[in-house]
file run_11.txt (compact mmCIF, C-alpha atoms)
# COMPACT_ATOMS: atom_id res chain seq x y z
CA MET A 134 -45.46 10.91 57.15
CA SER A 135 -41.77 10.65 57.82
CA LEU A 136 -40.34 8.33 60.38
CA PRO A 137 -37.24 9.87 61.83
CA PRO A 138 -34.82 7.29 63.18
CA SER A 139 -34.27 7.37 66.89
CA SER A 140 -30.99 6.81 68.55
CA GLY A 141 -32.33 5.15 71.66
CA GLY A 142 -34.58 2.26 72.19
CA MET A 143 -38.26 2.08 71.56
CA ALA A 144 -39.78 5.48 72.11
CA ALA A 145 -42.56 5.74 74.59
CA GLY A 146 -46.07 6.00 73.36
CA HIS A 147 -47.52 9.39 72.68
CA PRO A 148 -49.57 11.08 75.36
CA PRO A 149 -53.16 10.09 74.86
CA HIS A 150 -54.46 13.62 74.96
CA GLN A 151 -52.49 14.93 72.00
CA SER A 152 -54.19 15.19 68.68
CA LEU A 153 -53.26 12.99 65.83
CA SER A 154 -51.73 15.78 63.85
CA GLN A 155 -49.25 16.41 66.59
CA THR A 156 -48.47 12.77 67.12
CA THR A 157 -45.05 11.69 66.10
CA PHE A 158 -44.17 8.11 65.88
CA SER A 159 -40.59 7.04 66.29
CA PHE A 160 -39.53 3.49 65.69
CA GLU A 161 -36.23 1.86 65.96
CA ILE A 162 -34.94 1.46 62.48
CA ALA A 163 -31.67 -0.27 62.00
CA PRO A 164 -29.39 1.74 59.75
CA ASP A 165 -29.62 0.44 56.23
CA THR A 166 -26.10 -0.82 55.94
CA SER A 167 -26.86 -3.88 53.79
CA GLY A 168 -26.35 -2.14 50.49
CA PHE A 169 -23.23 -0.40 51.60
CA ALA A 170 -21.76 -3.46 53.27
CA MET A 171 -22.58 -5.63 50.31
CA SER A 172 -20.79 -3.36 47.89
CA ASP A 173 -17.91 -3.17 50.35
CA PHE A 174 -17.84 -6.94 50.49
CA LEU A 175 -17.93 -7.03 46.73
CA ALA A 176 -14.68 -5.10 46.59
CA GLN A 177 -13.04 -7.75 48.79
CA LEU A 178 -14.14 -10.59 46.58
CA GLU A 179 -11.37 -10.08 44.07
CA ASP A 180 -8.89 -11.98 46.22
CA TYR A 181 -11.26 -14.62 47.39
CA THR A 182 -11.30 -18.09 45.85
CA PRO A 183 -14.59 -19.81 46.56
CA THR A 184 -14.96 -23.53 47.07
CA LEU A 185 -16.86 -23.92 43.83
CA PRO A 186 -14.56 -23.05 40.93
CA ASP A 187 -15.47 -19.92 39.02
CA SER A 188 -15.73 -21.71 35.69
CA ILE A 189 -18.40 -24.10 36.98
CA ALA A 190 -20.37 -21.33 38.67
CA ASN A 191 -20.16 -19.20 35.52
CA HIS A 192 -21.41 -22.09 33.44
CA TYR A 193 -24.52 -22.58 35.56
CA LEU A 194 -25.16 -18.85 35.73
CA GLN A 195 -24.86 -18.55 31.98
CA MET A 196 -27.27 -21.45 31.58
CA ALA A 197 -29.72 -19.39 33.64
CA GLY A 198 -29.14 -16.32 31.48
CA PHE A 199 -26.90 -14.40 33.81
CA GLU A 200 -23.94 -12.91 32.08
CA SER A 201 -21.64 -10.42 33.63
CA THR A 202 -18.21 -9.10 32.89
CA ASP A 203 -17.70 -8.56 36.60
CA THR A 204 -16.46 -11.79 38.17
CA ARG A 205 -17.15 -10.49 41.65
CA ILE A 206 -20.91 -10.66 41.18
CA CYS A 207 -20.57 -14.28 40.05
CA ARG A 208 -18.49 -15.05 43.10
CA LEU A 209 -21.04 -13.31 45.32
CA ILE A 210 -23.83 -15.48 43.99
CA SER A 211 -21.64 -18.57 44.31
CA ILE A 212 -20.86 -17.74 47.94
CA ALA A 213 -24.52 -17.13 48.73
CA ALA A 214 -25.45 -20.54 47.30
CA GLN A 215 -22.61 -22.23 49.18
CA LYS A 216 -23.63 -20.56 52.41
CA PHE A 217 -27.16 -21.85 51.94
CA ILE A 218 -25.88 -25.41 51.68
CA SER A 219 -23.49 -24.92 54.57
CA ASP A 220 -26.32 -23.64 56.75
CA ILE A 221 -28.41 -26.69 55.91
CA ALA A 222 -25.48 -29.00 56.63
CA ASN A 223 -24.72 -27.26 59.93
CA GLU A 224 -28.29 -27.48 61.05
CA ALA A 225 -28.47 -31.13 60.09
CA TYR A 226 -25.28 -31.73 62.05
CA THR A 227 -26.79 -29.99 65.09
CA HIS A 228 -29.86 -32.19 64.85
CA CYS A 229 -27.64 -35.21 64.47
CA LYS A 230 -25.61 -34.31 67.54
CA LEU A 231 -28.74 -33.74 69.59
CA LYS A 232 -30.03 -37.14 68.67
CA ALA A 233 -26.69 -38.76 69.40
CA SER A 234 -26.27 -37.08 72.77
CA VAL A 235 -29.47 -38.58 74.21
CA PRO A 236 -28.74 -42.34 74.30
CA GLN A 237 -25.33 -43.48 75.44
CA GLY A 238 -24.85 -47.19 75.59
CA LYS A 239 -22.42 -49.87 74.56
CA GLY A 240 -20.54 -49.49 71.36
CA ALA A 241 -20.82 -45.76 71.55
CA LYS A 242 -18.02 -45.28 69.09
CA THR A 243 -19.63 -47.20 66.28
CA LYS A 244 -22.91 -45.60 67.05
CA VAL A 245 -21.38 -42.16 66.98
CA GLU A 246 -19.72 -42.96 63.70
CA LYS A 247 -22.97 -44.23 62.35
CA LYS A 248 -24.72 -41.16 63.62
CA LEU A 249 -22.26 -38.92 61.81
CA THR A 250 -23.72 -40.08 58.54
CA LEU A 251 -26.01 -37.59 56.90
CA THR A 252 -29.06 -39.61 56.00
CA THR A 253 -32.09 -38.62 54.01
CA GLU A 254 -34.27 -38.98 57.08
CA GLU A 255 -32.28 -36.27 58.85
CA LEU A 256 -31.99 -34.06 55.83
CA ILE A 257 -35.68 -33.90 54.93
CA PRO A 258 -36.91 -32.09 58.08
CA VAL A 259 -34.02 -29.64 57.85
CA LEU A 260 -34.89 -28.86 54.24
CA ALA A 261 -38.53 -28.48 55.23
CA GLU A 262 -37.51 -25.70 57.64
CA TYR A 263 -35.87 -23.93 54.73
CA GLY A 264 -38.97 -24.31 52.61
CA ILE A 265 -37.83 -27.21 50.43
CA ILE A 266 -40.25 -30.10 50.47
CA VAL A 267 -38.66 -33.46 49.65
CA LYS A 268 -40.90 -36.46 49.48
CA LYS A 269 -39.92 -40.04 49.02
CA PRO A 270 -41.74 -41.86 46.29
CA PRO A 271 -44.12 -44.50 47.66
CA TYR A 272 -42.46 -47.15 45.55
CA TYR A 273 -38.88 -47.67 44.55
CA MET A 274 -38.24 -47.68 40.88
CA MET B 136 -16.13 -49.27 45.98
CA SER B 137 -18.93 -50.43 43.72
CA GLY B 138 -19.39 -49.04 40.29
CA SER B 139 -22.41 -47.04 41.34
CA LEU B 140 -20.64 -45.11 44.03
CA ILE B 141 -19.28 -41.67 43.60
CA PRO B 142 -15.48 -41.49 44.01
CA SER B 143 -14.64 -41.57 47.66
CA HIS B 144 -11.58 -39.41 47.81
CA ILE B 145 -11.94 -35.68 47.74
CA PRO B 146 -8.96 -33.48 48.47
CA ILE B 147 -10.00 -30.80 50.90
CA GLY B 148 -7.37 -28.23 51.61
CA SER B 149 -4.09 -29.99 52.12
CA GLN B 150 -5.49 -33.25 53.45
CA VAL B 151 -6.99 -36.01 51.45
CA VAL B 152 -10.06 -37.04 53.32
CA ALA B 153 -11.84 -40.25 52.52
CA LEU B 154 -15.56 -39.85 52.34
CA LYS B 155 -17.66 -42.94 52.14
CA TYR B 156 -20.92 -42.85 50.38
CA ASP B 157 -23.09 -45.29 52.23
CA HIS B 158 -26.14 -46.88 50.84
CA GLY B 159 -29.32 -46.38 52.75
CA PRO B 160 -31.05 -49.40 54.26
CA ASP B 161 -33.65 -49.49 51.54
CA SER B 162 -31.37 -48.82 48.64
CA LYS B 163 -30.14 -51.55 46.41
CA GLN B 164 -26.57 -51.87 45.41
CA GLY B 165 -25.84 -51.61 41.77
CA THR B 166 -29.11 -49.93 40.92
CA GLU B 167 -28.22 -46.46 42.14
CA SER B 168 -27.53 -43.71 39.69
CA SER B 169 -24.10 -44.06 38.26
CA GLU B 170 -21.43 -41.40 38.42
CA PRO B 171 -22.62 -38.38 36.45
CA GLU B 172 -20.89 -38.12 33.19
CA ASP B 173 -21.08 -34.34 33.11
CA PRO B 174 -17.82 -33.14 34.68
CA ARG B 175 -19.54 -30.02 35.99
CA ARG B 176 -22.02 -32.05 37.94
CA ARG B 177 -19.19 -34.06 39.34
CA VAL B 178 -17.48 -30.88 40.55
CA LEU B 179 -20.77 -29.74 42.10
CA ILE B 180 -21.08 -33.03 43.94
CA ASN B 181 -17.51 -32.69 45.16
CA THR B 182 -18.23 -29.17 46.39
CA VAL B 183 -21.36 -30.26 48.25
CA ALA B 184 -19.50 -33.18 49.78
CA ALA B 185 -16.73 -30.85 50.89
CA LEU B 186 -19.22 -28.46 52.49
CA VAL B 187 -20.98 -31.32 54.27
CA HIS B 188 -17.68 -32.64 55.49
CA GLU B 189 -16.78 -29.20 56.75
CA ALA B 190 -19.98 -29.20 58.78
CA GLY B 191 -18.73 -32.27 60.61
CA PHE B 192 -20.18 -35.28 58.85
CA ILE B 193 -17.99 -38.20 57.96
CA HIS B 194 -20.41 -40.17 55.83
CA ILE B 195 -23.27 -39.14 53.66
CA GLU B 196 -25.97 -41.11 52.02
CA ASN B 197 -25.89 -41.21 48.25
CA ARG B 198 -29.45 -40.01 47.93
CA ALA B 199 -28.93 -37.22 50.44
CA LEU B 200 -25.90 -36.06 48.51
CA GLU B 201 -27.87 -35.97 45.30
CA ILE B 202 -30.67 -34.02 46.96
CA LEU B 203 -28.23 -31.45 48.28
CA MET B 204 -26.56 -31.21 44.90
CA GLU B 205 -29.89 -30.54 43.22
CA VAL B 206 -30.72 -27.90 45.85
CA PHE B 207 -27.37 -26.25 45.26
CA GLU B 208 -27.73 -26.21 41.52
CA SER B 209 -31.28 -24.88 41.57
CA ASN B 210 -30.30 -22.25 44.15
CA LEU B 211 -27.44 -21.06 42.00
CA THR B 212 -29.55 -21.00 38.87
CA GLU B 213 -32.45 -19.23 40.54
CA LEU B 214 -30.25 -16.52 42.04
CA GLY B 215 -28.63 -15.90 38.70
CA ARG B 216 -31.93 -15.80 36.84
CA THR B 217 -33.61 -13.50 39.33
CA THR B 218 -30.64 -11.15 39.43
CA ARG B 219 -30.74 -10.92 35.65
CA CYS B 220 -34.48 -10.28 35.72
CA TYR B 221 -34.11 -7.42 38.19
CA ALA B 222 -31.33 -5.89 36.13
CA GLU B 223 -33.47 -6.07 33.01
CA ALA B 224 -36.48 -4.66 34.87
CA ALA B 225 -34.32 -1.64 35.68
CA CYS B 226 -33.48 -1.32 31.97
CA ARG B 227 -29.93 -2.42 32.50
CA VAL B 228 -27.90 -5.16 30.93
CA GLU B 229 -25.16 -5.40 33.52
CA PRO B 230 -26.36 -6.80 36.89
CA THR B 231 -25.31 -4.98 40.04
CA VAL B 232 -25.18 -5.68 43.76
CA GLY B 233 -28.62 -4.17 44.24
CA ASP B 234 -30.08 -6.67 41.81
CA PHE B 235 -28.49 -9.48 43.75
CA VAL B 236 -29.92 -8.10 47.02
CA MET B 237 -33.37 -7.95 45.46
CA ALA B 238 -32.95 -11.51 44.23
CA MET B 239 -32.11 -12.67 47.73
CA VAL B 240 -35.13 -10.85 49.09
CA GLU B 241 -37.31 -12.41 46.42
CA LYS B 242 -36.02 -15.84 47.30
CA GLY B 243 -36.68 -15.27 50.97
CA ASN B 244 -33.10 -15.54 52.14
CA PRO B 245 -31.87 -13.09 54.72
CA VAL B 246 -29.59 -10.47 53.30
CA ASP B 247 -26.67 -10.72 55.66
CA PRO B 248 -23.52 -9.19 54.27
CA VAL B 249 -21.69 -9.59 57.56
CA GLY B 250 -22.57 -13.26 57.68
CA LEU B 251 -21.47 -13.68 54.09
CA ARG B 252 -18.20 -11.96 54.80
CA THR B 253 -17.59 -14.17 57.83
CA TYR B 254 -18.46 -17.21 55.81
CA ALA B 255 -16.17 -16.22 52.99
CA ARG B 256 -13.24 -15.53 55.29
CA ARG B 257 -13.50 -18.70 57.38
CA HIS B 258 -10.24 -20.57 57.68
CA SER B 259 -11.69 -24.01 57.36
CA ARG B 260 -13.13 -23.45 53.92
CA PRO B 261 -12.37 -26.27 51.53
CA THR B 262 -11.06 -25.67 48.04
CA ILE B 263 -11.81 -27.65 44.97
CA ALA B 264 -9.27 -27.64 42.22
CA THR B 265 -10.44 -25.96 39.06
CA PRO B 266 -10.96 -28.61 36.41
CA GLN B 267 -8.39 -28.39 33.67
CA LEU B 268 -9.74 -27.59 30.26
CA LEU B 269 -8.72 -30.02 27.58
CA SER B 270 -7.16 -28.23 24.69
CA THR B 271 -9.12 -28.70 21.51
CA PRO B 272 -7.37 -31.21 19.29
CA ARG B 273 -5.48 -29.37 16.65
CA MET B 274 -6.85 -30.10 13.24
CA PRO B 275 -4.20 -31.54 10.96
CA GLN B 276 -3.04 -28.81 8.68
CA ILE B 277 -3.94 -29.47 5.11
CA LEU B 278 -0.85 -29.52 2.96
CA THR B 279 -0.69 -26.35 0.96
CA ALA B 280 1.33 -26.00 -2.17
CA GLY B 281 2.17 -22.54 -3.33
CA LYS B 282 0.99 -19.21 -2.08
CA ARG B 283 -2.72 -18.55 -1.96
CA LYS B 284 -3.84 -15.53 -3.85
CA CYS B 285 -5.72 -12.70 -2.19
CA LEU B 286 -9.41 -12.24 -2.82
CA PRO B 287 -10.23 -9.77 -5.57
CA ALA B 288 -11.47 -6.36 -4.56
CA TYR B 289 -15.10 -7.04 -5.42
CA ILE B 290 -15.32 -10.02 -3.02
CA PRO B 291 -15.92 -9.18 0.68
CA ASP B 292 -13.50 -10.35 3.36
CA PHE B 293 -15.87 -12.69 5.13
CA PHE B 294 -15.84 -15.04 2.17
CA PRO B 295 -13.50 -18.02 2.43
CA SER B 296 -10.01 -17.54 1.09
CA MET B 297 -8.93 -18.65 -2.33
CA PRO B 298 -7.81 -22.28 -2.67
CA ASP B 299 -4.32 -23.37 -3.61
CA PRO B 300 -3.36 -21.87 -6.96
CA HIS B 301 -2.60 -25.21 -8.57
CA THR B 302 -6.24 -26.24 -8.23
CA TYR B 303 -7.56 -23.64 -10.62
CA ILE B 304 -4.57 -22.21 -12.48
CA ARG B 305 -3.23 -24.32 -15.34
CA THR B 306 0.02 -23.45 -17.00
CA PRO B 307 0.68 -25.33 -20.22
CA THR B 308 4.06 -27.00 -19.99
CA HIS B 309 4.51 -28.07 -23.59
CA LYS B 310 3.88 -26.74 -27.02
CA GLN B 311 1.27 -28.11 -29.28
CA PRO B 312 2.94 -30.83 -31.30
CA LEU B 313 3.52 -30.13 -34.99
CA THR B 314 1.02 -31.91 -37.08
CA ASP B 315 1.80 -30.72 -40.58
CA TYR B 316 3.07 -33.36 -42.92
CA SER B 317 6.36 -31.82 -43.99
CA ALA B 318 7.56 -31.13 -40.44
CA VAL B 319 6.70 -34.65 -39.30
CA ARG B 320 8.43 -36.22 -42.31
CA GLU B 321 11.50 -34.12 -41.78
CA LYS B 322 11.60 -35.05 -38.13
CA MET B 323 11.23 -38.71 -38.92
CA SER B 324 13.98 -38.71 -41.45
CA GLN B 325 16.29 -36.83 -39.12
CA GLN B 326 15.53 -39.33 -36.36
CA LYS B 327 16.25 -42.22 -38.71
CA ARG B 328 19.58 -40.76 -39.72
CA ASP B 329 20.52 -40.20 -36.09
CA VAL B 330 19.58 -43.74 -35.11
CA GLU B 331 21.56 -45.25 -37.96
CA ARG B 332 24.57 -43.21 -37.06
CA SER B 333 24.45 -44.06 -33.38
CA LEU B 334 23.81 -47.71 -34.12
CA SER B 335 26.80 -47.94 -36.42
CA LYS B 336 28.95 -46.33 -33.76
CA PHE B 337 27.64 -48.77 -31.18
CA TYR B 338 28.43 -51.71 -33.40
CA ALA B 339 31.88 -50.36 -34.05
CA ARG B 340 32.56 -50.34 -30.34
CA THR B 341 30.97 -53.58 -29.30
CA SER B 342 31.65 -56.00 -32.13
CA ALA B 343 34.80 -56.88 -34.02
CA CYS B 344 35.70 -54.47 -36.79
CA TYR B 345 38.06 -54.54 -39.67
CA TYR B 346 39.61 -51.20 -40.23
CA PHE B 347 40.61 -50.27 -43.78
CA PHE B 348 42.70 -47.46 -42.42
CA PRO B 349 44.34 -48.63 -39.20
CA ASP B 350 45.59 -45.13 -38.43
CA ASN B 351 42.18 -43.60 -38.48
CA LYS B 352 39.68 -45.90 -36.90
CA ASP B 353 36.77 -43.64 -37.49
CA LEU B 354 37.01 -43.95 -41.22
CA PHE B 355 35.11 -46.81 -42.83
CA PRO B 356 35.13 -49.52 -40.21
CA LEU B 357 33.94 -52.84 -41.56
CA MET B 358 31.64 -54.36 -38.99
CA SER B 359 30.87 -58.04 -38.79
CA PRO B 360 27.19 -58.59 -38.93
CA LYS B 361 26.71 -60.07 -35.49
CA GLN B 362 23.18 -60.52 -34.56
CA ILE B 363 22.18 -59.24 -31.17
CA THR B 364 19.13 -60.34 -29.30
CA TYR B 365 17.77 -56.86 -28.75
CA HIS B 366 18.21 -55.91 -32.35
CA SER B 367 14.55 -55.35 -32.92
CA ALA B 368 14.26 -53.08 -29.91
CA ILE B 369 16.87 -50.54 -30.92
CA ILE B 370 15.81 -50.16 -34.51
CA CYS B 371 12.87 -47.93 -35.04
CA ARG B 372 10.38 -49.23 -37.48
CA ASP B 373 7.42 -47.85 -39.23
CA GLN B 374 4.27 -48.89 -37.54
CA ILE B 375 2.18 -51.29 -39.57
CA PHE B 376 -1.20 -51.78 -38.11
CA GLU B 377 -2.61 -54.27 -40.53
CA GLU B 378 -0.21 -57.13 -40.23
CA GLU B 379 0.63 -58.70 -36.94
CA GLN B 380 4.07 -59.57 -35.79
CA SER B 381 4.74 -63.11 -34.75
CA LEU B 382 6.04 -63.70 -31.29
CA PRO B 383 8.86 -66.13 -30.57
CA PRO B 384 7.65 -69.26 -28.82
CA ILE B 385 8.65 -69.46 -25.17
CA ASN B 386 7.38 -72.88 -24.32
CA LEU B 387 10.80 -74.47 -24.33
CA VAL B 388 13.17 -74.65 -21.45
CA LYS B 389 16.39 -74.40 -23.34
CA LYS B 390 17.58 -72.61 -26.38
CA GLU B 391 14.95 -71.70 -28.82
CA LYS B 392 15.07 -71.89 -32.53
CA GLU B 393 16.14 -68.72 -34.27
CA GLU B 394 13.11 -66.82 -35.21
CA ASP B 395 12.67 -65.51 -38.66
CA ASN B 396 11.86 -61.84 -38.17
CA SER B 397 10.37 -61.32 -41.58
CA ILE B 398 6.81 -60.27 -41.54
CA ARG B 399 4.41 -63.02 -42.50
CA LEU B 400 0.73 -63.57 -42.38
CA LEU B 401 -0.59 -66.01 -39.88
CA ASP B 402 -3.14 -68.55 -40.99
CA ASP B 403 -4.96 -71.21 -39.14
CA ASP B 404 -2.85 -73.96 -40.73
CA GLU B 405 0.34 -72.23 -39.89
CA SER B 406 -0.63 -71.79 -36.26
CA GLY B 407 -1.40 -75.50 -36.16
CA ASN B 408 1.84 -76.33 -37.93
CA GLU B 409 3.80 -74.20 -35.54
CA SER B 410 2.92 -76.30 -32.59
CA GLY B 411 3.50 -79.44 -34.60
CA VAL B 412 6.82 -78.18 -35.82
CA SER B 413 7.85 -77.20 -32.32
CA GLU B 414 7.14 -80.67 -31.08
CA SER B 415 8.94 -82.58 -33.79
CA GLN B 416 11.97 -80.45 -34.72
CA HIS B 417 13.19 -79.11 -31.39
CA THR B 418 15.47 -81.32 -29.40
CA TRP B 419 14.63 -79.71 -26.11
CA GLU B 420 11.73 -80.77 -24.05
CA LEU B 421 8.49 -79.07 -24.47
CA ILE B 422 6.98 -77.88 -21.26
CA ASP B 423 3.44 -78.95 -21.18
CA ASN B 424 2.53 -76.14 -18.88
CA PRO B 425 -0.43 -74.19 -20.13
CA PHE B 426 0.78 -71.05 -18.34
CA LEU B 427 4.10 -71.06 -20.13
CA ARG B 428 2.68 -71.40 -23.59
CA PRO B 429 3.07 -68.36 -25.78
CA PRO B 430 0.03 -66.23 -26.26
CA ARG B 431 -1.78 -67.09 -29.43
CA PRO B 432 -2.94 -63.97 -31.18
CA PRO B 433 -6.33 -64.23 -32.76
CA SER B 434 -6.24 -65.08 -36.43
CA PRO B 435 -7.62 -62.60 -38.97
CA CYS B 436 -10.24 -65.15 -40.08
CA LYS B 437 -11.55 -65.40 -36.56
CA LYS B 438 -11.59 -61.63 -36.34
CA LEU B 439 -13.70 -61.40 -39.46
CA SER B 440 -16.12 -63.98 -38.12
CA LEU B 441 -16.50 -61.96 -34.94
CA GLN B 442 -17.15 -58.79 -36.84
CA LYS B 443 -19.95 -60.48 -38.74

call {"tool": "encode", "arguments": {"input": "run_11.txt", "output": "structure tokens"}}
result
Amino acid sequence: MSLPPSSGGMAAGHPPHQSLSQTTFSFEIAPDTSGFAMSDFLAQLEDYTPTLPDSIANHYLQMAGFESTDTRICRLISIAAQKFISDIANEAYTHCKLKASVPQGKGAKTKVEKKLTLTTEELIPVLAEYGIIVKKPPYYM
Amino acid sequence: MSGSLIPSHIPIGSQVVALKYDHGPDSKQGTESSEPEDPRRRVLINTVAALVHEAGFIHIENRALEILMEVFESNLTELGRTTRCYAEAACRVEPTVGDFVMAMVEKGNPVDPVGLRTYARRHSRPTIATPQLLSTPRMPQILTAGKRKCLPAYIPDFFPSMPDPHTYIRTPTHKQPLTDYSAVREKMSQQKRDVERSLSKFYARTSACYYFFPDNKDLFPLMSPKQITYHSAIICRDQIFEEEQSLPPINLVKKEKEEDNSIRLLDDDESGNESGVSESQHTWELIDNPFLRPPRPPSPCKKLSLQK
């Protein structure tokens, strides 16, 4: 059964009296632009210098078995990994700001400065949202 | 900055921003993990610190930084591995964008090319300087003498080259000496004649001569027999192995008695007499220094006793 894309919003339900063979379902399907846009983005990566140097990224990718003559793919993977970390850091910062905005007392400056420290306690719940479980050992070695 | 802390200064963009790595309340100073020795890990840590700083943080806990670094490294490795796996599953060797997309899907990350593009193009992105590669130390060139020969045709090229030619090629530089009796005798006699001639000429020039024919000084010069100290050195003698030559005594400070150069046999008595004679007859003082005494060659009688 084919699902023709519809230009408008969600199509209305089929009339209840029609038979199943005549029923057509139309769902909103976003145009599959990911592949196209990704390859387009790949072409732009030649000029881009990522934060992580290419040699380091290539080393870790080669350790994993990934070897490519195309440097753009390596840069793409490097950017994806960096974005992951940036997203975690941004979310942790948002959490930090939310916590800091609630109490406002004396010595706000020092408190704010202290609050702008990324601690493990703030990082762990953020990582948990991303599916990374970090547990502190019960004893300190 | 304690020894366990990661370096605090990381250049981000054009500004050098100081990042302090604080210890957590339950962490102990001096027992934290020391700076990673692997330079790549250090660059990773710098990258993570730069990204965290870009997010807005000023300080970061050491442990938190390490956690993020591990997450980053495992993320990078996993994406690379999964991309490679998808490429190989499609019977390809070269990974493509589609493989990367599948890897992202597998990992559970949203495939957001627009987001990635925005992220890549952001103005505030920090840059980490590419670590300089140390050039491999040049091995000292082994001194080569001569031109190395090419490998023969029956030896393949991947074999090591031939060594220096002087190591295995020997060119004889002299002829085999003549060993037949007549040639040696002739040579000896010729040498003797030459030595006598040159010696007589030398004497004619150095010592006083009486010339029978004053006009022609080369004819029959009469040389006074003046003894010279190095007389024995410039006259070639036949080698006699059986009898030993006596050495002049050198245990006296001043002039020594003229030594009789005639060959004589040394006996035990004579060796004893020699020392006695030296003590009584010489006017000069005898140095009683054992290190200045002349060497006493072993007597033939002693030699015979040893051989027995």

call {"tool": "interface_residues", "arguments": {"input": "run_11.txt", "of": "chain B", "to": "chain A", "cutoff": "7 Å", "atoms": "all atoms listed in the file", "output": "PyMOL selection string"}}
result
chain B and resi 175+182+186-187+190-196+198-199+207+210-212+214-216+219+229-230+232-233+248+252+261-263+265

call {"tool": "atom_distance", "arguments": {"input": "run_11.txt", "atom1": "CA of Leu313 (chain B)", "atom2": "CA of Lys327 (chain B)"}}
result
17.9 Å

call {"tool": "atom_distance", "arguments": {"input": "run_11.txt", "atom1": "CA of Ala185 (chain B)", "atom2": "CA of Pro266 (chain B)"}}
result
15.7 Å

call {"tool": "atom_distance", "arguments": {"input": "run_11.txt", "atom1": "CA of Glu331 (chain B)", "atom2": "CA of Met358 (chain B)"}}
result
13.6 Å

call {"tool": "residues_around", "arguments": {"input": "run_11.txt", "residues": "region 221-223 of chain B", "least_positions_apart": "4", "cutoff": "8 Å", "atoms": "all atoms listed in the file", "output": "JSON, numbers by chain"}}
result
{"B": [217, 227, 228, 229, 230, 231, 234, 237, 238]}

call {"tool": "write_last_selection", "arguments": {"input": "run_11.txt", "atoms": "C-alpha atoms", "output": "PDB file, keeping the file's coordinate frame"}}
result
ATOM      1  CA  THR B 217     -33.610 -13.500  39.330  1.00  0.00           C
ATOM      2  CA  ARG B 227     -29.930  -2.420  32.500  1.00  0.00           C
ATOM      3  CA  VAL B 228     -27.900  -5.160  30.930  1.00  0.00           C
ATOM      4  CA  GLU B 229     -25.160  -5.400  33.520  1.00  0.00           C
ATOM      5  CA  PRO B 230     -26.360  -6.800  36.890  1.00  0.00           C
ATOM      6  CA  THR B 231     -25.310  -4.980  40.040  1.00  0.00           C
ATOM      7  CA  ASP B 234     -30.080  -6.670  41.810  1.00  0.00           C
ATOM      8  CA  MET B 237     -33.370  -7.950  45.460  1.00  0.00           C
ATOM      9  CA  ALA B 238     -32.950 -11.510  44.230  1.00  0.00           C
TER      10      ALA B 238
END

call {"tool": "closest_residue", "arguments": {"input": "run_11.txt", "among": "B:Thr279, B:Gln267, B:Ser342, B:Asn181", "to": "Leu200 (chain B)", "atoms": "only C-alpha atoms"}}
result
B:Asn181

call {"tool": "axis_aligned_box", "arguments": {"input": "run_11.txt", "around": "region 196-211 of chain A", "padding_each_side": "6 Å", "output": "AutoDock Vina command-line options"}}
result
--center_x -23.1 --center_y -15.0 --center_z 38.4 --size_x 25.3 --size_y 24.9 --size_z 25.8

call {"tool": "closest_residue", "arguments": {"input": "run_11.txt", "among": "B:Gly281, B:Ser434, B:Asn424, B:Ser209", "to": "Pro298 (chain B)", "atoms": "only C-alpha atoms"}}
result
B:Gly281

call {"tool": "closest_residue", "arguments": {"input": "run_11.txt", "among": "A:Pro271, A:Val235, A:His228, A:Arg208", "to": "Val259 (chain A)", "atoms": "only C-alpha atoms"}}
result
A:His228

call {"tool": "decode", "arguments": {"input": "run_11.txt", "residues": "region 200-221 of chain B", "atoms": "C-alpha atoms", "output": "tab-separated table (two decimals), in the first residue's frame"}}
result
chain	number	residue	atom	x	y	z
B	200	LEU	CA	36.17	17.06	32.63
B	201	GLU	CA	37.48	13.53	32.55
B	202	ILE	CA	33.97	12.12	32.26
B	203	LEU	CA	33.20	14.39	29.33
B	204	MET	CA	36.49	13.51	27.70
B	205	GLU	CA	35.72	9.81	27.97
B	206	VAL	CA	32.24	10.40	26.54
B	207	PHE	CA	33.74	12.32	23.65
B	208	GLU	CA	36.31	9.70	22.89
B	209	SER	CA	33.86	6.81	23.05
B	210	ASN	CA	31.37	8.74	20.92
B	211	LEU	CA	33.97	9.39	18.27
B	212	THR	CA	35.18	5.81	18.29
B	213	GLU	CA	31.68	4.36	18.20
B	214	LEU	CA	30.59	6.54	15.29
B	215	GLY	CA	33.66	5.59	13.33
B	216	ARG	CA	33.28	1.89	14.07
B	217	THR	CA	29.59	1.80	13.22
B	218	THR	CA	30.10	3.75	10.01
B	219	ARG	CA	32.76	1.27	8.97
B	220	CYS	CA	30.48	-1.65	9.83
B	221	TYR	CA	27.66	-0.28	7.70
